[in-house]
Amino acid sequence: MENLYAILPILIKVAVVVAVLLLLPLPLVWLERKIAGHIQQRPGPMRVGWHGLLQPVADGIKLLIKEDHIPSDADRFLFKIAPVVALVPPFVVFVAIPFGEPVEVFGTQLMLSLSNMNVGLLFILAISGIGIFGIILAGWASNSKYSVLGSLRAIAQMISYEIPMAFSVIGVVMLSNSMNMMDIVSAQKNLWNVVYQPIGFFVFFVSGLAEAQRIPFDLPEAEGDLGAGYHTEYSGIRFSLFMLSEYLVVVFLGFLNVILFFGGWHGAPPFVPETVWLLLKVAFFIWVFMWFRFTFPRYRYDQLMAIGWKVLLPLALLNILISGLFMF
Amino acid sequence: MARTVQKKQGWIGWLFFSDMWSGLRLTLRYMFSKTVTHQYPDHEKWLPYSRHRGHHFIKTNEQGDVNCVGCELCAKICPCDCITVVPYEDEKGNRRPKVFDINLSRCLYCGLCEDACPADAIKLGQEYEVASTNTGALVVHLEDLIAAPRKAEEGAGTVIPASLKKNGSAKTTPQDNVKGHDWWQLIRREK
């Protein structure tokens with residue numbers, strides 16, 4: 001029985017996080033379409049609900065009742081399992097993300113994270129690395145040239161940008177002397193890391209955009225040359241699972257940017273709860289990602305590789321060198 | 001706003017992505033500027049200028065007779081043969097059309113019939129919502145042409161509040177006694 005009491009808060013937290021993450025793409029789809037519209041001086045969705053607020057719900061229903069088509073030459077098992085495999089890592093990553101300082105509930109300390117790992121950052125980088133598996137499986141199982149080209153591009157891009165991403169957070173780890181996310185946040189109590197680590201933030205932000213496969217690095221799903229990339233052959237609910245995982249990666253990148261470089265929940269104006277302040281910052285980053293998406297064109301493939309290996313990686317190493325010199 | 005000025009970009013600008021920042025500044029400005037699209041057909045409707053060539057109409061004189069003298073010049077000049085005129089002699093002894101049909105699904109709204117007409121009878125009016133689910137309904141007759149909307153006079157070239165009636169027709173009904181706004185004002189924001 002006592003074990004049950006110990007496990008109950010965790011179960012509740014897991015349920016809340018999963019429910020929120022599952023519902024989050026609805027407002028995000030609406031926001032993305034609204035931002036796209038207003039950047040192009042049109043109002044965006046307006047017809048379903050107030051200012052089109054229910055448009056994602058209508059889209060979701062449409063996707064659910066659409067035919068779930070599997071190409072005849074596809075590897076049926078892998079084809080079916082790929083969207084689920086793609087969906088798991090974005091959820092798992094949120095295990096290690098803290099949402100605020102521990103709070104007192106009914107006399108017990110309640111951590112506002114699912115797990116306060118001492119290697120949280122390493123865990124996050126590792127899990128976001130295996131996020132590529134769903135894309136590999138989808139591209140391979142579809143048995144379509146567009147899908148396999150899209151997934152090959154995605155793999156090359158992920159590998160190239162994982163490295164500068166990991167190197168850029170080393171500066172943060174050096175400053176906080178810890179890989180624990182809570183320690184990283186509390187190390188930024190006085191001054192946010194972005195002030196100490198502007199180069200690190202720049203490298204992390206750009207390689208994060210590439211990790212999420214968003215414009216200007218969305219070559220894996222370049223609709224001009226690849227149809228829709230690795231999910232060309234997917235339709236209906238399976239396609240919406242891919243969309244879900246893409247939006248979750250964007251949310252998770254917003255969280256990482258805020259926690260690693262923008263002080264997490266520190267620096268809140270008075271009367272604003274810490275968690276709300278953290279979420280506001282994350283929302284700002286999501287908005288920035290969308291703003292970028294509708295501003296920039298796509299990079300060419302050789303430019304993408306050149307940026308990853310010849311610009312970001314040396315910059316990340318330079319960042320480590322400079323932080324090391326300052327700390328010495 | 002749409003014009004881009006060629007700026008000289010030194011290596012400092014290159015280092016700090018001055019070109020990307022100017023692009024981001026532009027899209028940010030657009031994001032918080034007014035939208036320019038018409039909310040047609042839900043909330044707004046565009047009133048065309050008087051020069052607009054829309055659905056045809058036939059003018060009538062003071063006695064209530066149509067101006068048309070049934071000369072068939074419009075049918076002759078029509079590049080897509082969509083006008084059918086059958087003349088007859090009415091009780092006053094004037095030559096008038098007995099049949100005046102226009103097949104709107106073939107018409108290309110060039111306005112040549114209007115130019116050819118010697119009797120100031122056929123004109124192209126302001127009506128542009130002629131969509132229909134029935135091609136037979138697109139052949140309009142003399143009485144439809146007499147009743148059709150005239151050329152736009154007041155409020156031409158403005159956007160006025162309107163709504164789409166949910167009775168299956170493709171016509172929006174503008175609100176009465178509401179002045180429209182000049183849509184071009186939204187576009188020409190630069191001096």
# chains A, B, ... in the order shown; residues from 1 in each chain; ligands from 1
>>> closest_atom_pairs(of="chain B", to="chain A", cutoff="12 Å", atoms="only C-alpha atoms", output="tab-separated table")
residue	atom	partner	partner_atom	distance
B:Ala2	CA	A:Gln40	CA	11.7
B:Leu15	CA	A:Val311	CA	11.7
B:Phe16	CA	A:Phe202	CA	10.9
B:Phe17	CA	A:Phe202	CA	11.8
B:Asp19	CA	A:Phe296	CA	10.7
B:Met20	CA	A:Phe296	CA	8.0
B:Trp21	CA	A:Thr295	CA	10.1
B:Ser22	CA	A:Thr295	CA	10.2
B:Gly23	CA	A:Thr295	CA	6.6
B:Leu24	CA	A:Thr295	CA	6.2
B:Arg25	CA	A:Thr295	CA	9.4
B:Leu26	CA	A:Thr295	CA	8.6
B:Thr27	CA	A:Ile39	CA	5.6
B:Leu28	CA	A:Ile39	CA	7.1
B:Arg29	CA	A:Ile39	CA	8.0
B:Tyr30	CA	A:Ile39	CA	5.1
B:Met31	CA	A:Ile39	CA	4.3
B:Phe32	CA	A:His38	CA	7.2
B:Ser33	CA	A:Gln41	CA	7.2
B:Lys34	CA	A:Gln41	CA	6.7
B:Thr35	CA	A:Gln41	CA	4.3
B:Val36	CA	A:Gln41	CA	5.8
B:Thr37	CA	A:Arg42	CA	5.4
B:His38	CA	A:Arg42	CA	8.7
B:Gln39	CA	A:Pro43	CA	8.8
B:Tyr40	CA	A:Arg47	CA	11.1
B:Pro41	CA	A:Arg47	CA	10.8
B:Asp42	CA	A:Arg47	CA	8.3
B:His43	CA	A:Arg47	CA	10.5
B:Leu186	CA	A:Gln41	CA	10.2
B:Ile187	CA	A:Gln41	CA	9.8
>>> residues_around(residues="Ala58 (chain A)", least_positions_apart="4", cutoff="8 Å", atoms="only C-alpha atoms", output="list in words")
Val48, Leu54 and Lys62 of chain A
>>> closest_residue(among="B:Gly125, B:Glu154, B:Glu91, B:Leu164", to="Asn177 (chain B)", atoms="only C-alpha atoms")
B:Glu154
>>> select_by_dssp(residues="region 20-164 of chain B", states="alpha helix (DSSP H)", output="list in words")
Met20, Trp21, Ser22, Gly23, Leu24, Arg25, Leu26, Thr27, Leu28, Arg29, Tyr30, Met31, Leu73, Cys74, Ala75, Lys76, Ile77, Leu112, Cys113, Glu114, Asp115, Ala116, Leu142, Glu143, Asp144, Leu145, Ile146 and Ala147 of chain B
>>> closest_residue(among="B:Cys74, B:Glu62, B:Trp46, B:Ser169", to="Glu114 (chain B)", atoms="only C-alpha atoms")
B:Cys74
